[in-house]
>>> print(open('model_5.csv').read())   # CSV, C-alpha atoms
chain,number,residue,atom,x,y,z
A,22,MET,CA,0.0,0.0,0.0
A,23,ILE,CA,1.2,3.4,-0.9
A,24,PRO,CA,0.9,5.9,1.9
A,25,LEU,CA,-1.1,9.0,1.0
A,26,PRO,CA,0.6,12.4,1.5
A,27,PRO,CA,-0.9,14.3,4.4
A,28,ARG,CA,-3.6,16.8,3.4
A,29,ARG,CA,-2.8,20.4,4.2
A,30,ILE,CA,-5.5,22.6,5.5
A,31,PRO,CA,-4.9,26.2,4.6
A,32,PRO,CA,-4.4,28.2,7.7
A,33,LEU,CA,-7.0,30.9,8.4
A,34,GLY,CA,-4.3,33.3,9.3
A,35,PRO,CA,-2.3,34.1,12.4
A,36,GLY,CA,-4.4,34.7,15.4
A,37,LYS,CA,-7.6,33.4,13.8
A,38,ARG,CA,-7.6,30.0,15.6
A,39,PRO,CA,-5.8,28.8,18.6
A,40,ALA,CA,-2.8,26.6,18.1
A,41,ARG,CA,-4.5,23.5,19.5
A,42,GLN,CA,-7.3,23.8,16.9
A,43,ARG,CA,-4.9,24.3,14.1
A,44,ALA,CA,-2.9,21.2,15.2
A,45,LEU,CA,-6.0,19.1,15.5
A,46,ALA,CA,-7.2,20.2,12.1
A,47,GLU,CA,-3.9,19.4,10.6
A,48,TRP,CA,-3.7,16.0,12.3
A,49,ARG,CA,-7.3,15.0,11.4
A,50,GLY,CA,-7.0,16.4,7.9
A,51,VAL,CA,-10.3,18.2,8.4
A,52,ASP,CA,-11.2,21.2,10.5
A,53,ILE,CA,-14.2,20.3,12.6
A,54,ALA,CA,-14.1,23.4,14.8
A,55,PRO,CA,-17.1,25.1,13.1
A,56,MET,CA,-19.2,21.9,13.5
A,57,GLU,CA,-18.2,21.6,17.2
A,58,LYS,CA,-19.1,25.2,17.7
A,59,ALA,CA,-22.5,24.7,16.1
A,60,ARG,CA,-23.1,21.6,18.2
A,61,ALA,CA,-22.1,23.3,21.4
A,62,ARG,CA,-25.2,24.0,23.6
A,63,SER,CA,-25.9,27.6,24.2
A,64,GLU,CA,-27.1,27.4,27.7
A,65,LYS,CA,-29.0,30.3,29.2
A,66,SER,CA,-30.0,30.9,32.7
A,67,VAL,CA,-33.6,30.8,33.8
A,68,ALA,CA,-33.3,34.5,34.8
A,69,ASP,CA,-32.6,35.3,31.1
A,70,ILE,CA,-35.4,33.3,29.7
A,71,LEU,CA,-38.2,33.7,32.2
A,72,PRO,CA,-39.1,37.4,31.5
A,73,LYS,CA,-39.5,36.6,27.8
A,74,VAL,CA,-41.7,33.6,28.5
A,75,LEU,CA,-43.9,35.6,31.0
A,76,GLY,CA,-44.1,38.4,28.6
A,77,ALA,CA,-45.3,36.1,25.8
A,78,VAL,CA,-48.1,34.7,28.0
A,79,ARG,CA,-48.9,38.2,29.3
A,80,MET,CA,-48.6,37.1,32.9
A,81,ASP,CA,-48.6,40.6,34.2
A,82,LYS,CA,-52.0,41.3,32.7
A,83,ARG,CA,-53.4,38.0,34.1
A,84,GLN,CA,-52.0,38.9,37.5
A,85,ALA,CA,-53.6,42.3,37.4
A,86,GLU,CA,-57.0,40.8,36.4
A,87,ALA,CA,-56.8,38.3,39.3
A,88,GLU,CA,-56.1,41.2,41.7
A,89,ILE,CA,-59.0,43.1,40.4
A,90,VAL,CA,-61.3,40.2,41.0
A,91,LYS,CA,-60.0,39.9,44.6
A,92,VAL,CA,-60.6,43.6,45.3
A,93,TRP,CA,-64.0,43.5,43.6
A,94,ASN,CA,-65.1,40.6,45.8
A,95,ALA,CA,-63.7,42.1,49.0
A,96,SER,CA,-64.6,45.7,48.7
A,97,LEU,CA,-67.9,46.0,47.0
A,98,ASP,CA,-71.4,45.4,48.2
A,99,PRO,CA,-72.2,41.6,48.3
A,100,ASN,CA,-75.4,42.2,46.3
A,101,ILE,CA,-73.4,43.7,43.5
A,102,VAL,CA,-70.8,40.9,43.7
A,103,LYS,CA,-73.6,38.3,43.4
A,104,HIS,CA,-74.9,39.8,40.2
A,105,ALA,CA,-71.8,41.3,38.5
A,106,GLN,CA,-68.3,40.0,38.0
A,107,PRO,CA,-65.3,41.5,36.1
A,108,THR,CA,-64.4,39.5,33.0
A,109,GLY,CA,-61.5,41.3,31.4
A,110,LEU,CA,-59.3,44.3,31.3
A,111,ASN,CA,-58.1,46.0,28.1
A,112,LYS,CA,-56.3,49.4,27.8
A,113,GLY,CA,-57.7,50.8,31.0
A,114,THR,CA,-61.3,49.5,30.4
A,115,LEU,CA,-62.6,47.0,32.9
A,116,PHE,CA,-65.3,44.8,31.4
A,117,VAL,CA,-67.9,43.6,33.8
A,118,THR,CA,-70.7,41.0,33.0
A,119,VAL,CA,-74.0,41.5,34.8
A,120,ASP,CA,-76.5,38.7,35.1
A,121,SER,CA,-79.7,40.7,34.3
A,122,ASN,CA,-81.0,43.9,32.8
A,123,VAL,CA,-82.4,45.0,36.2
A,124,TRP,CA,-79.0,44.8,37.9
A,125,LEU,CA,-77.3,46.4,34.9
A,126,ALA,CA,-79.6,49.4,35.2
A,127,GLU,CA,-79.1,49.6,39.0
A,128,ILE,CA,-75.4,49.4,38.7
A,129,VAL,CA,-75.0,51.8,35.8
A,130,ARG,CA,-77.5,54.3,37.2
A,131,TYR,CA,-76.6,54.4,40.9
A,132,ARG,CA,-73.4,52.4,41.6
A,133,LYS,CA,-71.0,52.9,38.7
A,134,ARG,CA,-69.2,56.0,40.2
A,135,GLU,CA,-68.8,54.3,43.6
A,136,ILE,CA,-67.4,51.1,42.0
A,137,LEU,CA,-65.0,53.1,39.8
A,138,ASP,CA,-63.8,55.2,42.7
A,139,ARG,CA,-63.1,52.1,44.8
A,140,LEU,CA,-61.1,50.4,42.0
A,141,ARG,CA,-59.2,53.5,41.2
A,142,HIS,CA,-58.3,53.9,44.9
A,143,SER,CA,-57.0,50.4,44.9
A,144,PHE,CA,-55.2,50.3,41.5
A,145,GLY,CA,-54.8,53.9,40.3
A,146,LYS,CA,-56.4,55.7,37.4
A,147,ASP,CA,-54.0,54.2,34.8
A,148,LEU,CA,-55.0,50.5,35.3
A,149,VAL,CA,-58.8,51.1,35.6
A,150,ALA,CA,-59.8,54.3,33.7
A,151,ARG,CA,-63.3,53.1,32.6
A,152,ILE,CA,-65.8,50.4,33.3
A,153,SER,CA,-68.0,48.8,30.6
A,154,PHE,CA,-71.0,46.8,31.8
A,155,LYS,CA,-72.9,44.2,29.7
A,156,VAL,CA,-75.5,41.6,30.3
A,157,GLY,CA,-74.2,38.1,29.9
>>> encode(input="model_5.csv", output="structure tokens")
Amino acid sequence: MIPLPPRRIPPLGPGKRPARQRALAEWRGVDIAPMEKARARSEKSVADILPKVLGAVRMDKRQAEAEIVKVWNASLDPNIVKHAQPTGLNKGTLFVTVDSNVWLAEIVRYRKREILDRLRHSFGKDLVARISFKVG
């Protein structure tokens, strides 16, 4: 058998690769450094990933909605709580579903200002700027 002459890998230039990588590439006859680099896991800490995940599922919005329901149930008249419940929050508007037209008229006519004032006192004007009631 005739021995094959060693293959020469052209160097990338001085300082481009460490001496160990150049030696291994010359010994192997192939430079696998780019493949190794691609296979290397890019590990990230939970602290780096978690804010992006929570932002994607809009956890802050869901937490605010849960807090509104807690305050609604604790600070309002039990008769109102029986017949009306918050169902959503969007751009400062709290959406509330009421179980009948009679209670809708009662709340909108006589209690809306009181409810809005209590929620604004608890959360501020930015979070709850308006309330929209509907029968549902």
>>> atom_distance(input="model_5.csv", atom1="CA of Ala59 in chain A", atom2="CA of Arg41 in chain A")
18.4 Å
>>> closest_residue(input="model_5.csv", among="A:Asp120, A:Asp98, A:Glu86, A:Asp52", to="Val156 in chain A", atoms="all atoms listed in the file")
A:Asp120
>>> residues_near_point(input="model_5.csv", point="(-64.0, 45.3, 34.6)", cutoff="6 Å", atoms="only C-alpha atoms", output="VMD selection string")
chain A and resid 107 109 to 110 115 to 117 152
>>> residues_near_point(input="model_5.csv", point="(-67.8, 42.5, 44.0)", cutoff="9 Å", atoms="only C-alpha atoms", output="PyMOL selection string")
chain A and resi 90-107+136
>>> atom_distance(input="model_5.csv", atom1="CA of Ala126 in chain A", atom2="CA of Ser153 in chain A")
12.5 Å
>>> residues_around(input="model_5.csv", residues="range 73-82 of chain A", least_positions_apart="4", cutoff="12 Å", atoms="all atoms listed in the file", output="PyMOL selection string")
chain A and resi 67-69+86-89+109-113+148
>>> closest_residue(input="model_5.csv", among="A:Met56, A:Leu125, A:Glu135, A:Gln42", to="Gly157 in chain A", atoms="only C-alpha atoms")
A:Leu125
>>> atom_distance(input="model_5.csv", atom1="CA of Ile128 in chain A", atom2="CA of Ala85 in chain A")
23.0 Å
>>> closest_residue(input="model_5.csv", among="A:Val51, A:Ala61, A:Val123, A:Ala46", to="Lys155 in chain A", atoms="only C-alpha atoms")
A:Val123
